[in-house]
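These notes are about the structure you will find just below.
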Amino acid sequence: MIYKGNIVTGVGKAARYFEALKPLYQEYIGMDFFCGTLNVLVDNELLITEDAIYVPSDGIGIALQEQGIQSAEKGCYFVPAKLFGESVYICRPEKTEHPNNLLEIISANKIKDKYNLNIGDEVEIITND
């Protein structure tokens, strides 16, 4: 599946959660990632593919409690994808304030800086069907 969309401003909450959950998420996805997301608003809704990695809510809740973060966090899906030919994941919590066509991308690098991207720039994210 190809998702085309524009970079949008996030609300700034992802970095705090990713910092607290990094060891747990790394265990599941096997990637050392930048603690923040690139938010992309696309035309079609995200499909959770068969190769998505699911992190169950029990581990997430424990990790957040250990960091003193109160949250009703549910499980989280990580959909493998490519952006500029680079391996990334689309992060989709079971509970989110975002619409289903807002993709939160994580990667090993801060993609926005690496590729000199700005709010409004169009990008293409490719997942396996």
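Ligands are numbered from 1 in the order shown, residues from 1 within each chain, and chains are lettered A, B, ... in the order they appear in the structure tokens.
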
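Excluding A:Glu122 itself and any same-chain residue fewer than 3 positions from it, the protein and nucleic acid residues within 8 Å of it, counting only C-alpha atoms, are A:Lys4, A:Gly5, A:Asn6, A:Ile7.
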
Deliver the residues from the most recent selection as a file, using C-alpha atoms, as a short mmCIF file (atom, residue, chain, number, x, y, z; two decimals), in the first residue's frame.
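Final output, saved to result.cif:
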```
data_model
loop_
_atom_site.label_atom_id
_atom_site.label_comp_id
_atom_site.auth_asym_id
_atom_site.auth_seq_id
_atom_site.Cartn_x
_atom_site.Cartn_y
_atom_site.Cartn_z
CA LYS A 4 0.80 9.86 0.07
CA GLY A 5 0.32 12.83 2.32
CA ASN A 6 1.65 16.00 3.85
CA ILE A 7 3.71 16.54 6.97
#
```

Can you pull out the residues contacting A:His98? Cut-off 12 Å, using only C-alpha atoms, and skip same-chain residues under 3 positions away; I want them as a tab-separated table (two decimals) with N, CA and C atoms, in the first residue's frame.
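Full text of around-v4.tsv as output:
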```
chain	number	residue	atom	x	y	z
A	8	VAL	N	2.47	17.24	8.91
A	8	VAL	CA	1.71	18.15	9.76
A	8	VAL	C	2.39	18.25	11.13
A	9	THR	N	2.04	19.29	11.85
A	9	THR	CA	2.57	19.49	13.20
A	9	THR	C	1.92	18.52	14.16
A	10	GLY	N	2.72	17.92	15.02
A	10	GLY	CA	2.19	17.04	16.06
A	10	GLY	C	1.84	17.85	17.30
A	11	VAL	N	1.28	17.15	18.29
A	11	VAL	CA	0.92	17.82	19.53
A	11	VAL	C	2.06	17.81	20.55
A	13	LYS	N	3.33	15.17	22.31
A	13	LYS	CA	3.27	14.21	23.39
A	13	LYS	C	4.07	12.94	23.11
A	14	ALA	N	4.32	12.63	21.86
A	14	ALA	CA	4.94	11.36	21.50
A	14	ALA	C	6.32	11.18	22.11
A	39	ASN	N	4.70	13.23	11.71
A	39	ASN	CA	3.26	13.10	11.49
A	39	ASN	C	2.91	13.44	10.06
A	40	VAL	N	2.20	12.50	9.40
A	40	VAL	CA	1.84	12.67	8.00
A	40	VAL	C	0.33	12.45	7.86
A	41	LEU	N	-0.36	13.44	7.34
A	41	LEU	CA	-1.79	13.33	7.08
A	41	LEU	C	-1.97	12.83	5.65
A	45	GLU	N	-7.13	5.72	5.09
A	45	GLU	CA	-6.88	5.26	6.46
A	45	GLU	C	-5.82	4.16	6.48
A	46	LEU	N	-5.10	4.11	7.59
A	46	LEU	CA	-4.07	3.10	7.78
A	46	LEU	C	-4.68	1.71	7.88
A	91	CYS	N	3.49	3.94	13.77
A	91	CYS	CA	3.05	3.60	15.13
A	91	CYS	C	1.55	3.92	15.24
A	92	ARG	N	0.77	2.95	15.68
A	92	ARG	CA	-0.68	3.16	15.83
A	92	ARG	C	-1.13	2.59	17.17
A	93	PRO	N	-1.23	3.45	18.21
A	93	PRO	CA	-1.78	2.98	19.49
A	93	PRO	C	-3.25	2.59	19.33
A	94	GLU	N	-3.69	1.64	20.13
A	94	GLU	CA	-5.11	1.27	20.09
A	94	GLU	C	-5.98	2.43	20.55
A	95	LYS	N	-5.44	3.24	21.46
A	95	LYS	CA	-6.16	4.43	21.92
A	95	LYS	C	-5.36	5.64	21.46
A	101	ASN	N	-6.27	8.51	9.55
A	101	ASN	CA	-5.47	8.86	8.38
A	101	ASN	C	-4.29	9.77	8.75
A	102	LEU	N	-3.99	9.87	10.04
A	102	LEU	CA	-2.79	10.57	10.49
A	102	LEU	C	-1.78	9.50	10.89
A	103	LEU	N	-0.69	9.40	10.14
A	103	LEU	CA	0.32	8.39	10.40
A	103	LEU	C	1.44	8.99	11.23
A	104	GLU	N	1.81	8.28	12.30
A	104	GLU	CA	2.93	8.68	13.13
A	104	GLU	C	4.09	7.75	12.79
```

*To one decimal place, how far is atom CA of A:Lys82 from atom CA of A:Thr127 in Å?*
6.6 Å

Which of chain A fall in strand (DSSP E or B), as a PDB file with N, CA and C atoms, in the first residue's frame:
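Writing the result to selection-v9.pdb gives the following:
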```pdb
ATOM      1  N   ILE A   2       0.531   2.198  -0.783  1.00  0.00           N
ATOM      2  CA  ILE A   2       1.255   3.460  -0.833  1.00  0.00           C
ATOM      3  C   ILE A   2       0.374   4.550  -0.209  1.00  0.00           C
ATOM      4  N   TYR A   3       0.940   5.238   0.762  1.00  0.00           N
ATOM      5  CA  TYR A   3       0.254   6.352   1.413  1.00  0.00           C
ATOM      6  C   TYR A   3       0.974   7.633   1.009  1.00  0.00           C
ATOM      7  N   LYS A   4       0.245   8.563   0.416  1.00  0.00           N
ATOM      8  CA  LYS A   4       0.805   9.863   0.074  1.00  0.00           C
ATOM      9  C   LYS A   4       0.116  10.910   0.940  1.00  0.00           C
ATOM     10  N   GLY A   5       0.912  11.804   1.476  1.00  0.00           N
ATOM     11  CA  GLY A   5       0.322  12.832   2.319  1.00  0.00           C
ATOM     12  C   GLY A   5       1.299  13.935   2.631  1.00  0.00           C
ATOM     13  N   ASN A   6       0.860  14.822   3.495  1.00  0.00           N
ATOM     14  CA  ASN A   6       1.648  15.998   3.853  1.00  0.00           C
ATOM     15  C   ASN A   6       2.031  15.961   5.325  1.00  0.00           C
ATOM     16  N   ILE A   7       3.217  16.460   5.594  1.00  0.00           N
ATOM     17  CA  ILE A   7       3.705  16.545   6.966  1.00  0.00           C
ATOM     18  C   ILE A   7       2.902  17.601   7.716  1.00  0.00           C
ATOM     19  N   VAL A   8       2.472  17.239   8.914  1.00  0.00           N
ATOM     20  CA  VAL A   8       1.713  18.151   9.759  1.00  0.00           C
ATOM     21  C   VAL A   8       2.386  18.252  11.128  1.00  0.00           C
ATOM     22  N   LEU A  38       7.272  11.595  13.081  1.00  0.00           N
ATOM     23  CA  LEU A  38       6.980  12.440  11.937  1.00  0.00           C
ATOM     24  C   LEU A  38       5.515  12.199  11.631  1.00  0.00           C
ATOM     25  N   ASN A  39       4.701  13.231  11.709  1.00  0.00           N
ATOM     26  CA  ASN A  39       3.262  13.096  11.492  1.00  0.00           C
ATOM     27  C   ASN A  39       2.913  13.436  10.056  1.00  0.00           C
ATOM     28  N   VAL A  40       2.197  12.505   9.404  1.00  0.00           N
ATOM     29  CA  VAL A  40       1.835  12.672   8.001  1.00  0.00           C
ATOM     30  C   VAL A  40       0.333  12.448   7.859  1.00  0.00           C
ATOM     31  N   LEU A  41      -0.358  13.444   7.335  1.00  0.00           N
ATOM     32  CA  LEU A  41      -1.794  13.333   7.082  1.00  0.00           C
ATOM     33  C   LEU A  41      -1.971  12.827   5.655  1.00  0.00           C
ATOM     34  N   VAL A  42      -2.597  11.646   5.518  1.00  0.00           N
ATOM     35  CA  VAL A  42      -2.764  10.993   4.220  1.00  0.00           C
ATOM     36  C   VAL A  42      -4.241  10.946   3.838  1.00  0.00           C
ATOM     37  N   ILE A  53       3.658  -5.485  14.057  1.00  0.00           N
ATOM     38  CA  ILE A  53       4.098  -5.996  15.361  1.00  0.00           C
ATOM     39  C   ILE A  53       3.202  -5.377  16.420  1.00  0.00           C
ATOM     40  N   TYR A  54       2.666  -6.222  17.297  1.00  0.00           N
ATOM     41  CA  TYR A  54       1.766  -5.740  18.342  1.00  0.00           C
ATOM     42  C   TYR A  54       2.480  -5.783  19.686  1.00  0.00           C
ATOM     43  N   VAL A  55       2.467  -4.657  20.375  1.00  0.00           N
ATOM     44  CA  VAL A  55       2.995  -4.579  21.738  1.00  0.00           C
ATOM     45  C   VAL A  55       1.791  -4.523  22.671  1.00  0.00           C
ATOM     46  N   CYS A  76      -0.231  -1.290  21.228  1.00  0.00           N
ATOM     47  CA  CYS A  76       0.242  -0.454  20.132  1.00  0.00           C
ATOM     48  C   CYS A  76       0.721  -1.336  18.980  1.00  0.00           C
ATOM     49  N   TYR A  77       0.343  -0.950  17.763  1.00  0.00           N
ATOM     50  CA  TYR A  77       0.787  -1.642  16.552  1.00  0.00           C
ATOM     51  C   TYR A  77       1.935  -0.867  15.913  1.00  0.00           C
ATOM     52  N   PHE A  78       2.887  -1.608  15.364  1.00  0.00           N
ATOM     53  CA  PHE A  78       3.976  -1.030  14.590  1.00  0.00           C
ATOM     54  C   PHE A  78       3.960  -1.685  13.219  1.00  0.00           C
ATOM     55  N   VAL A  79       3.614  -0.896  12.212  1.00  0.00           N
ATOM     56  CA  VAL A  79       3.507  -1.388  10.842  1.00  0.00           C
ATOM     57  C   VAL A  79       4.812  -1.058  10.116  1.00  0.00           C
ATOM     58  N   PRO A  80       5.551  -2.092   9.658  1.00  0.00           N
ATOM     59  CA  PRO A  80       6.791  -1.826   8.918  1.00  0.00           C
ATOM     60  C   PRO A  80       6.495  -1.073   7.619  1.00  0.00           C
ATOM     61  N   ALA A  81       7.362  -0.130   7.287  1.00  0.00           N
ATOM     62  CA  ALA A  81       7.152   0.685   6.091  1.00  0.00           C
ATOM     63  C   ALA A  81       8.492   1.201   5.587  1.00  0.00           C
ATOM     64  N   LYS A  82       8.428   1.878   4.450  1.00  0.00           N
ATOM     65  CA  LYS A  82       9.602   2.535   3.857  1.00  0.00           C
ATOM     66  C   LYS A  82       9.257   3.996   3.603  1.00  0.00           C
ATOM     67  N   LEU A  83      10.210   4.856   3.895  1.00  0.00           N
ATOM     68  CA  LEU A  83      10.088   6.288   3.627  1.00  0.00           C
ATOM     69  C   LEU A  83      11.451   6.731   3.096  1.00  0.00           C
ATOM     70  N   GLU A  86      14.087   4.139   3.320  1.00  0.00           N
ATOM     71  CA  GLU A  86      14.577   3.826   4.662  1.00  0.00           C
ATOM     72  C   GLU A  86      13.521   3.036   5.426  1.00  0.00           C
ATOM     73  N   SER A  87      13.964   2.049   6.218  1.00  0.00           N
ATOM     74  CA  SER A  87      13.034   1.284   7.047  1.00  0.00           C
ATOM     75  C   SER A  87      12.532   2.145   8.188  1.00  0.00           C
ATOM     76  N   VAL A  88      11.215   2.209   8.312  1.00  0.00           N
ATOM     77  CA  VAL A  88      10.550   2.966   9.367  1.00  0.00           C
ATOM     78  C   VAL A  88       9.386   2.131   9.877  1.00  0.00           C
ATOM     79  N   TYR A  89       8.734   2.611  10.918  1.00  0.00           N
ATOM     80  CA  TYR A  89       7.506   1.996  11.406  1.00  0.00           C
ATOM     81  C   TYR A  89       6.431   3.062  11.530  1.00  0.00           C
ATOM     82  N   ILE A  90       5.213   2.668  11.190  1.00  0.00           N
ATOM     83  CA  ILE A  90       4.055   3.505  11.480  1.00  0.00           C
ATOM     84  C   ILE A  90       3.541   3.038  12.823  1.00  0.00           C
ATOM     85  N   CYS A  91       3.491   3.937  13.771  1.00  0.00           N
ATOM     86  CA  CYS A  91       3.047   3.605  15.128  1.00  0.00           C
ATOM     87  C   CYS A  91       1.552   3.920  15.243  1.00  0.00           C
ATOM     88  N   ARG A  92       0.769   2.945  15.676  1.00  0.00           N
ATOM     89  CA  ARG A  92      -0.683   3.159  15.829  1.00  0.00           C
ATOM     90  C   ARG A  92      -1.133   2.588  17.169  1.00  0.00           C
ATOM     91  N   PRO A  93      -1.230   3.449  18.207  1.00  0.00           N
ATOM     92  CA  PRO A  93      -1.778   2.980  19.485  1.00  0.00           C
ATOM     93  C   PRO A  93      -3.253   2.590  19.327  1.00  0.00           C
ATOM     94  N   LEU A 102      -3.993   9.869  10.045  1.00  0.00           N
ATOM     95  CA  LEU A 102      -2.792  10.567  10.491  1.00  0.00           C
ATOM     96  C   LEU A 102      -1.779   9.499  10.889  1.00  0.00           C
ATOM     97  N   LEU A 103      -0.693   9.404  10.141  1.00  0.00           N
ATOM     98  CA  LEU A 103       0.321   8.390  10.396  1.00  0.00           C
ATOM     99  C   LEU A 103       1.443   8.987  11.228  1.00  0.00           C
ATOM    100  N   GLU A 104       1.807   8.283  12.297  1.00  0.00           N
ATOM    101  CA  GLU A 104       2.934   8.681  13.133  1.00  0.00           C
ATOM    102  C   GLU A 104       4.092   7.754  12.787  1.00  0.00           C
ATOM    103  N   ILE A 105       5.143   8.324  12.222  1.00  0.00           N
ATOM    104  CA  ILE A 105       6.272   7.550  11.722  1.00  0.00           C
ATOM    105  C   ILE A 105       7.429   7.638  12.710  1.00  0.00           C
ATOM    106  N   ILE A 106       8.020   6.473  13.025  1.00  0.00           N
ATOM    107  CA  ILE A 106       9.254   6.464  13.812  1.00  0.00           C
ATOM    108  C   ILE A 106      10.351   5.834  12.963  1.00  0.00           C
ATOM    109  N   GLU A 122       5.126  17.096   0.907  1.00  0.00           N
ATOM    110  CA  GLU A 122       4.492  15.815   0.572  1.00  0.00           C
ATOM    111  C   GLU A 122       5.520  14.700   0.646  1.00  0.00           C
ATOM    112  N   VAL A 123       5.109  13.571   1.229  1.00  0.00           N
ATOM    113  CA  VAL A 123       5.957  12.387   1.310  1.00  0.00           C
ATOM    114  C   VAL A 123       5.135  11.165   0.921  1.00  0.00           C
ATOM    115  N   GLU A 124       5.855  10.065   0.671  1.00  0.00           N
ATOM    116  CA  GLU A 124       5.217   8.806   0.283  1.00  0.00           C
ATOM    117  C   GLU A 124       5.724   7.705   1.212  1.00  0.00           C
ATOM    118  N   ILE A 125       4.805   7.017   1.857  1.00  0.00           N
ATOM    119  CA  ILE A 125       5.125   5.917   2.773  1.00  0.00           C
ATOM    120  C   ILE A 125       4.605   4.643   2.137  1.00  0.00           C
ATOM    121  N   ILE A 126       5.450   3.610   2.097  1.00  0.00           N
ATOM    122  CA  ILE A 126       5.066   2.347   1.454  1.00  0.00           C
ATOM    123  C   ILE A 126       5.070   1.232   2.491  1.00  0.00           C
ATOM    124  N   THR A 127       3.960   0.500   2.569  1.00  0.00           N
ATOM    125  CA  THR A 127       3.856  -0.669   3.444  1.00  0.00           C
ATOM    126  C   THR A 127       3.650  -1.909   2.574  1.00  0.00           C
TER     127      THR A 127
END
```

*Just asking: which residues within stretch 19-113 of chain A are helix (DSSP H, G or I) according to DSSP, as a list in words?*
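Result set for stretch 19-113 of chain A (helix (DSSP H, G or I)): Glu19, Ala20, Leu21, Lys22, Pro23, Leu24, Tyr25, Gln26, Glu27, Tyr28, Ile29, Ser57, Asp58, Gly59, Ile60, Gly61, Ile62, Ala63, Leu64, Gln65, Glu66, Ile111, Lys112 and Asp113 of chain A.
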
*Distance query A:Lys22 at most 9 Å, only C-alpha atoms, self and fewer than 5 positions along chain excluded, as a ChimeraX atom specification*: /A:17,27,32-33,35

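Using only C-alpha atoms for every distance, the candidate list A:Met1, A:Ile29, A:Leu21, A:Ile48 yields A:Ile29 as the residue closest to A:Ser107.
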
*What separation in Å, quoted to one decimal, exists between atom CA of A:Gly36 and atom CA of A:Tyr115?*
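Between atom CA of A:Gly36 and atom CA of A:Tyr115 the gap is 15.5 Å.
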
*One decimal, Å: what's the distance from atom CA of A:Gly30 over to atom CA of A:Ala52, could you say?*
13.0 Å

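The closest residue to A:Tyr28, picked from A:Pro56, A:Glu50, A:Asn44, A:Lys112 and counting only C-alpha atoms, is A:Pro56.
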